[in-house]
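Visitor: The following block contains the structure, expressed as structure tokens.
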Amino acid sequence: MPNEKDKSSTLAIGGAIVTYGSTILAIAMPIIITTLCAKRQGWTVLALAMGIPSIILAALRFVFVKEIPFTNETNDTAKKTKVSVLDMIKHIIGNKYVLICLGLVFFYYFNSNLGTIVTGYYFTYNVGNLTLLSIISATALITPIFLLFIPKMLEKWGKTKVLKMGLLCNLLACIVRAFAPLNLVLYAITSLVCSFGTLPMVYFIGLLLMDCMDYGEWKMKYRVESAYSAVSSAGQKISAGVASGVAGLIMGATGFVSGADTQSTLAMAGIKGLTIYAPIIVGVILFVLISVYKLDDKMDQIKKEIGQNRE
């Protein structure tokens, strides 16, 4: 079984790639939108330019990323044990910790997707300059410096405490930003703190799900990795749809007019609510969820008993 250091290193490298990639896109997108997408065909070109490489990269994983079995004994057991879809559902429903992880994934990506949808409108109409968003987004390039401290923090406090501290920082930064939402210096600083605070989510959610797999095997006496692997993906996809629906519903209800040079006071208030106040609500939910996740303290004994059962 891969050790915790290998897991942490792999997830940290993946998280760094995601962080830098998404930050570069966040910097470039406002500029691209204001230039390339002035005409309708520009959106088609943009979609193709982003979609085709993404499809190719996703397909390459099936060729170059090989599955590594845990042990021969585990494989032999897996071949003898047939697990139905109903068994998988029971496994997930009976594991309160994986449901907490699902909530963490859902609300984290809901907030991220909501920000992607409405922040551009906020800088276009409320701030009055979309290109300033690129400058604000550029500050996130320094957030991966946090990676240097993650191994020591993980060793000293554990995954859950590091996540809890990070999500508390994120919540406090969102609250502070709400006092002066049009102060761009404050907006940049609080955005940077939010990035630092939520960065552990990118790296540690995979580790939490692996612990949930072990807890599920310990509790249910059989292992269903595929069901747990689907939790993160399902949370991300559902959150994207819900975020789009919430943004569309609120912006429509407040009278937002797409493509207009200016928006009404009510429409701008709706945009401000989604950009400034919604992250506070989500931040509270994330902090509560990580506060009730109490699996870390049990993992040493659980892994010991799993090893004994396998033998």
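Naming works like this for the structure tokens: A, B, ... for the chains as they're shown, residue 1 at the start of each chain, ligands 1 onward in shown order.
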Using only C-alpha atoms, which protein or nucleic acid residues come within 10 Å of stretch 220-223 of chain A? Drop anything in the same chain fewer than 3 positions from it, and give the result as a ChimeraX atom specification.
Guide: /A:74,77-78,81-83,87-88,90-91,94-95,213-217,226-228,306,309-310
Visitor: Next, dump the selected residues to file, keeping only N, CA, C and O atoms, as a PDB file, in the first residue's frame.
Guide:
```pdb
ATOM      1  N   THR A  74      -4.897  -8.834  -1.541  1.00  0.00           N
ATOM      2  CA  THR A  74      -6.070  -7.997  -1.759  1.00  0.00           C
ATOM      3  C   THR A  74      -6.693  -8.301  -3.111  1.00  0.00           C
ATOM      4  O   THR A  74      -7.899  -8.367  -3.256  1.00  0.00           O
ATOM      5  N   THR A  77      -8.597 -11.579  -2.996  1.00  0.00           N
ATOM      6  CA  THR A  77      -9.869 -11.405  -2.296  1.00  0.00           C
ATOM      7  C   THR A  77     -10.874 -10.692  -3.169  1.00  0.00           C
ATOM      8  O   THR A  77     -12.047 -11.033  -3.220  1.00  0.00           O
ATOM      9  N   ALA A  78     -10.388  -9.655  -3.893  1.00  0.00           N
ATOM     10  CA  ALA A  78     -11.281  -8.875  -4.750  1.00  0.00           C
ATOM     11  C   ALA A  78     -11.879  -9.736  -5.849  1.00  0.00           C
ATOM     12  O   ALA A  78     -13.024  -9.556  -6.253  1.00  0.00           O
ATOM     13  N   THR A  81     -14.699 -11.837  -4.345  1.00  0.00           N
ATOM     14  CA  THR A  81     -15.837 -11.103  -3.803  1.00  0.00           C
ATOM     15  C   THR A  81     -16.485 -10.258  -4.883  1.00  0.00           C
ATOM     16  O   THR A  81     -15.857  -9.363  -5.437  1.00  0.00           O
ATOM     17  N   LYS A  82     -17.728 -10.545  -5.184  1.00  0.00           N
ATOM     18  CA  LYS A  82     -18.466  -9.750  -6.155  1.00  0.00           C
ATOM     19  C   LYS A  82     -19.273  -8.699  -5.416  1.00  0.00           C
ATOM     20  O   LYS A  82     -20.029  -9.015  -4.507  1.00  0.00           O
ATOM     21  N   VAL A  83     -19.093  -7.458  -5.819  1.00  0.00           N
ATOM     22  CA  VAL A  83     -19.757  -6.338  -5.159  1.00  0.00           C
ATOM     23  C   VAL A  83     -20.755  -5.730  -6.131  1.00  0.00           C
ATOM     24  O   VAL A  83     -20.394  -5.297  -7.226  1.00  0.00           O
ATOM     25  N   ASP A  87     -24.516  -2.864  -3.110  1.00  0.00           N
ATOM     26  CA  ASP A  87     -23.494  -2.932  -2.064  1.00  0.00           C
ATOM     27  C   ASP A  87     -22.688  -1.633  -2.011  1.00  0.00           C
ATOM     28  O   ASP A  87     -22.340  -1.146  -0.936  1.00  0.00           O
ATOM     29  N   MET A  88     -22.380  -1.106  -3.197  1.00  0.00           N
ATOM     30  CA  MET A  88     -21.625   0.155  -3.252  1.00  0.00           C
ATOM     31  C   MET A  88     -22.422   1.300  -2.625  1.00  0.00           C
ATOM     32  O   MET A  88     -21.876   2.114  -1.882  1.00  0.00           O
ATOM     33  N   LYS A  90     -24.805   1.040  -0.368  1.00  0.00           N
ATOM     34  CA  LYS A  90     -24.828   0.819   1.083  1.00  0.00           C
ATOM     35  C   LYS A  90     -23.514   1.249   1.721  1.00  0.00           C
ATOM     36  O   LYS A  90     -23.488   1.819   2.824  1.00  0.00           O
ATOM     37  N   HIS A  91     -22.426   0.979   1.015  1.00  0.00           N
ATOM     38  CA  HIS A  91     -21.100   1.328   1.513  1.00  0.00           C
ATOM     39  C   HIS A  91     -20.965   2.833   1.683  1.00  0.00           C
ATOM     40  O   HIS A  91     -20.452   3.319   2.699  1.00  0.00           O
ATOM     41  N   GLY A  94     -23.536   4.214   4.370  1.00  0.00           N
ATOM     42  CA  GLY A  94     -23.159   3.806   5.721  1.00  0.00           C
ATOM     43  C   GLY A  94     -21.875   4.430   6.232  1.00  0.00           C
ATOM     44  O   GLY A  94     -21.464   4.172   7.360  1.00  0.00           O
ATOM     45  N   ASN A  95     -21.237   5.257   5.412  1.00  0.00           N
ATOM     46  CA  ASN A  95     -19.967   5.876   5.792  1.00  0.00           C
ATOM     47  C   ASN A  95     -20.178   7.385   5.918  1.00  0.00           C
ATOM     48  O   ASN A  95     -20.164   8.120   4.931  1.00  0.00           O
ATOM     49  N   MET A 213     -12.015   5.255   2.408  1.00  0.00           N
ATOM     50  CA  MET A 213     -12.005   3.891   1.857  1.00  0.00           C
ATOM     51  C   MET A 213     -11.600   2.893   2.926  1.00  0.00           C
ATOM     52  O   MET A 213     -12.220   1.833   3.085  1.00  0.00           O
ATOM     53  N   ASP A 214     -10.525   3.235   3.658  1.00  0.00           N
ATOM     54  CA  ASP A 214     -10.060   2.338   4.722  1.00  0.00           C
ATOM     55  C   ASP A 214     -11.113   2.194   5.815  1.00  0.00           C
ATOM     56  O   ASP A 214     -11.358   1.094   6.318  1.00  0.00           O
ATOM     57  N   TYR A 215     -11.748   3.294   6.187  1.00  0.00           N
ATOM     58  CA  TYR A 215     -12.801   3.247   7.210  1.00  0.00           C
ATOM     59  C   TYR A 215     -13.967   2.388   6.727  1.00  0.00           C
ATOM     60  O   TYR A 215     -14.532   1.588   7.493  1.00  0.00           O
ATOM     61  N   GLY A 216     -14.328   2.549   5.446  1.00  0.00           N
ATOM     62  CA  GLY A 216     -15.417   1.748   4.880  1.00  0.00           C
ATOM     63  C   GLY A 216     -15.095   0.272   4.883  1.00  0.00           C
ATOM     64  O   GLY A 216     -15.950  -0.571   5.204  1.00  0.00           O
ATOM     65  N   GLU A 217     -13.854  -0.076   4.526  1.00  0.00           N
ATOM     66  CA  GLU A 217     -13.448  -1.486   4.542  1.00  0.00           C
ATOM     67  C   GLU A 217     -13.453  -2.032   5.970  1.00  0.00           C
ATOM     68  O   GLU A 217     -13.880  -3.164   6.214  1.00  0.00           O
ATOM     69  N   SER A 226     -13.903   2.014  -6.385  1.00  0.00           N
ATOM     70  CA  SER A 226     -14.498   2.742  -7.515  1.00  0.00           C
ATOM     71  C   SER A 226     -15.599   3.692  -7.046  1.00  0.00           C
ATOM     72  O   SER A 226     -15.725   4.810  -7.552  1.00  0.00           O
ATOM     73  N   ALA A 227     -16.399   3.263  -6.058  1.00  0.00           N
ATOM     74  CA  ALA A 227     -17.478   4.114  -5.558  1.00  0.00           C
ATOM     75  C   ALA A 227     -16.919   5.360  -4.886  1.00  0.00           C
ATOM     76  O   ALA A 227     -17.418   6.473  -5.078  1.00  0.00           O
ATOM     77  N   TYR A 228     -15.846   5.203  -4.124  1.00  0.00           N
ATOM     78  CA  TYR A 228     -15.248   6.338  -3.432  1.00  0.00           C
ATOM     79  C   TYR A 228     -14.540   7.268  -4.413  1.00  0.00           C
ATOM     80  O   TYR A 228     -14.527   8.488  -4.229  1.00  0.00           O
ATOM     81  N   ILE A 306      -7.243  -3.429   9.769  1.00  0.00           N
ATOM     82  CA  ILE A 306      -7.408  -3.843   8.367  1.00  0.00           C
ATOM     83  C   ILE A 306      -6.281  -4.783   7.961  1.00  0.00           C
ATOM     84  O   ILE A 306      -6.507  -5.821   7.310  1.00  0.00           O
ATOM     85  N   ASN A 309      -6.890  -8.159   9.429  1.00  0.00           N
ATOM     86  CA  ASN A 309      -7.973  -8.870   8.750  1.00  0.00           C
ATOM     87  C   ASN A 309      -7.517  -9.423   7.409  1.00  0.00           C
ATOM     88  O   ASN A 309      -7.925 -10.528   7.023  1.00  0.00           O
ATOM     89  N   ARG A 310      -6.687  -8.668   6.685  1.00  0.00           N
ATOM     90  CA  ARG A 310      -6.205  -9.132   5.388  1.00  0.00           C
ATOM     91  C   ARG A 310      -5.298 -10.356   5.538  1.00  0.00           C
ATOM     92  O   ARG A 310      -5.294 -11.250   4.716  1.00  0.00           O
TER      93      ARG A 310
END
```
Visitor: May I have the residues within 8 Å of A:Ser195 as a PyMOL selection string, using only C-alpha atoms and disregarding those fewer than 4 positions away in the same chain?
Guide: chain A and resi 140+143+170+191+199
Visitor: From the set A:Lys156, A:Ile280, A:Arg177, A:Cys101, which residue has the shortest atom-to-atom contact distance to A:Ser229, counting only C-alpha atoms?
Guide: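 Under the stated criterion, the closest residue is A:Cys101.
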Visitor: At what distance in Å, to one decimal, does atom CA of A:Ile92 lie from atom CA of A:Asp300?
Guide: 21.4 Å
Visitor: Would you pick out the contacts of stretch 283-296 of chain A at 7 Å or less, using only C-alpha atoms, so that residues sharing its chain but fewer than 4 positions from it are not included, and give the list as a VMD selection string?
Guide: chain A and resid 97 100 104 107 160 164 167 to 168 170 to 171 279
Visitor: Sorted by chain and rising residue number, list the residues of stretch 264-299 of chain A at most 12 Å from stretch 231-244 of chain A (counting only C-alpha atoms), each with its closest atom pair and distance in Å to one decimal, as a Markdown table.
Guide:
```
| residue | atom | partner | partner_atom | distance |
| --- | --- | --- | --- | --- |
| A:Leu274 | CA | A:Ala243 | CA | 10.2 |
| A:Ala278 | CA | A:Ala243 | CA | 10.9 |
| A:Pro279 | CA | A:Ala243 | CA | 12.0 |
| A:Val282 | CA | A:Ala243 | CA | 11.8 |
```
Visitor: What's around A:Trp218 at 10 Å? Count only C-alpha atoms, leave out sequence neighbours fewer than 6 positions away in its own chain, and write the answer as a ChimeraX atom specification.
Guide: /A:212,302-307,309
Visitor: Quick check for you: according to DSSP on this backbone, which residues of stretch 109-267 of chain A are classed as helix (DSSP H, G or I)? Reply as a PyMOL selection string.
Guide: chain A and resi 109-127+132-148+150-157+159-179+184-220+225-253+265-267
Visitor: What gap, in Å, lies between atom CA of A:Pro200 and atom CA of A:Leu163?
Guide: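 Atom-to-atom, atom CA of A:Pro200 to atom CA of A:Leu163, that is 5.9 Å.
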Visitor: I want to know what sits within 9 Å of A:Ala247, based on only C-alpha atoms, with residues of the same chain fewer than 6 positions away left out; could you give that as a list in words?
Guide: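 Answer for this query is Leu114, Ile117, Val118, Ile271 and Leu274 of chain A.
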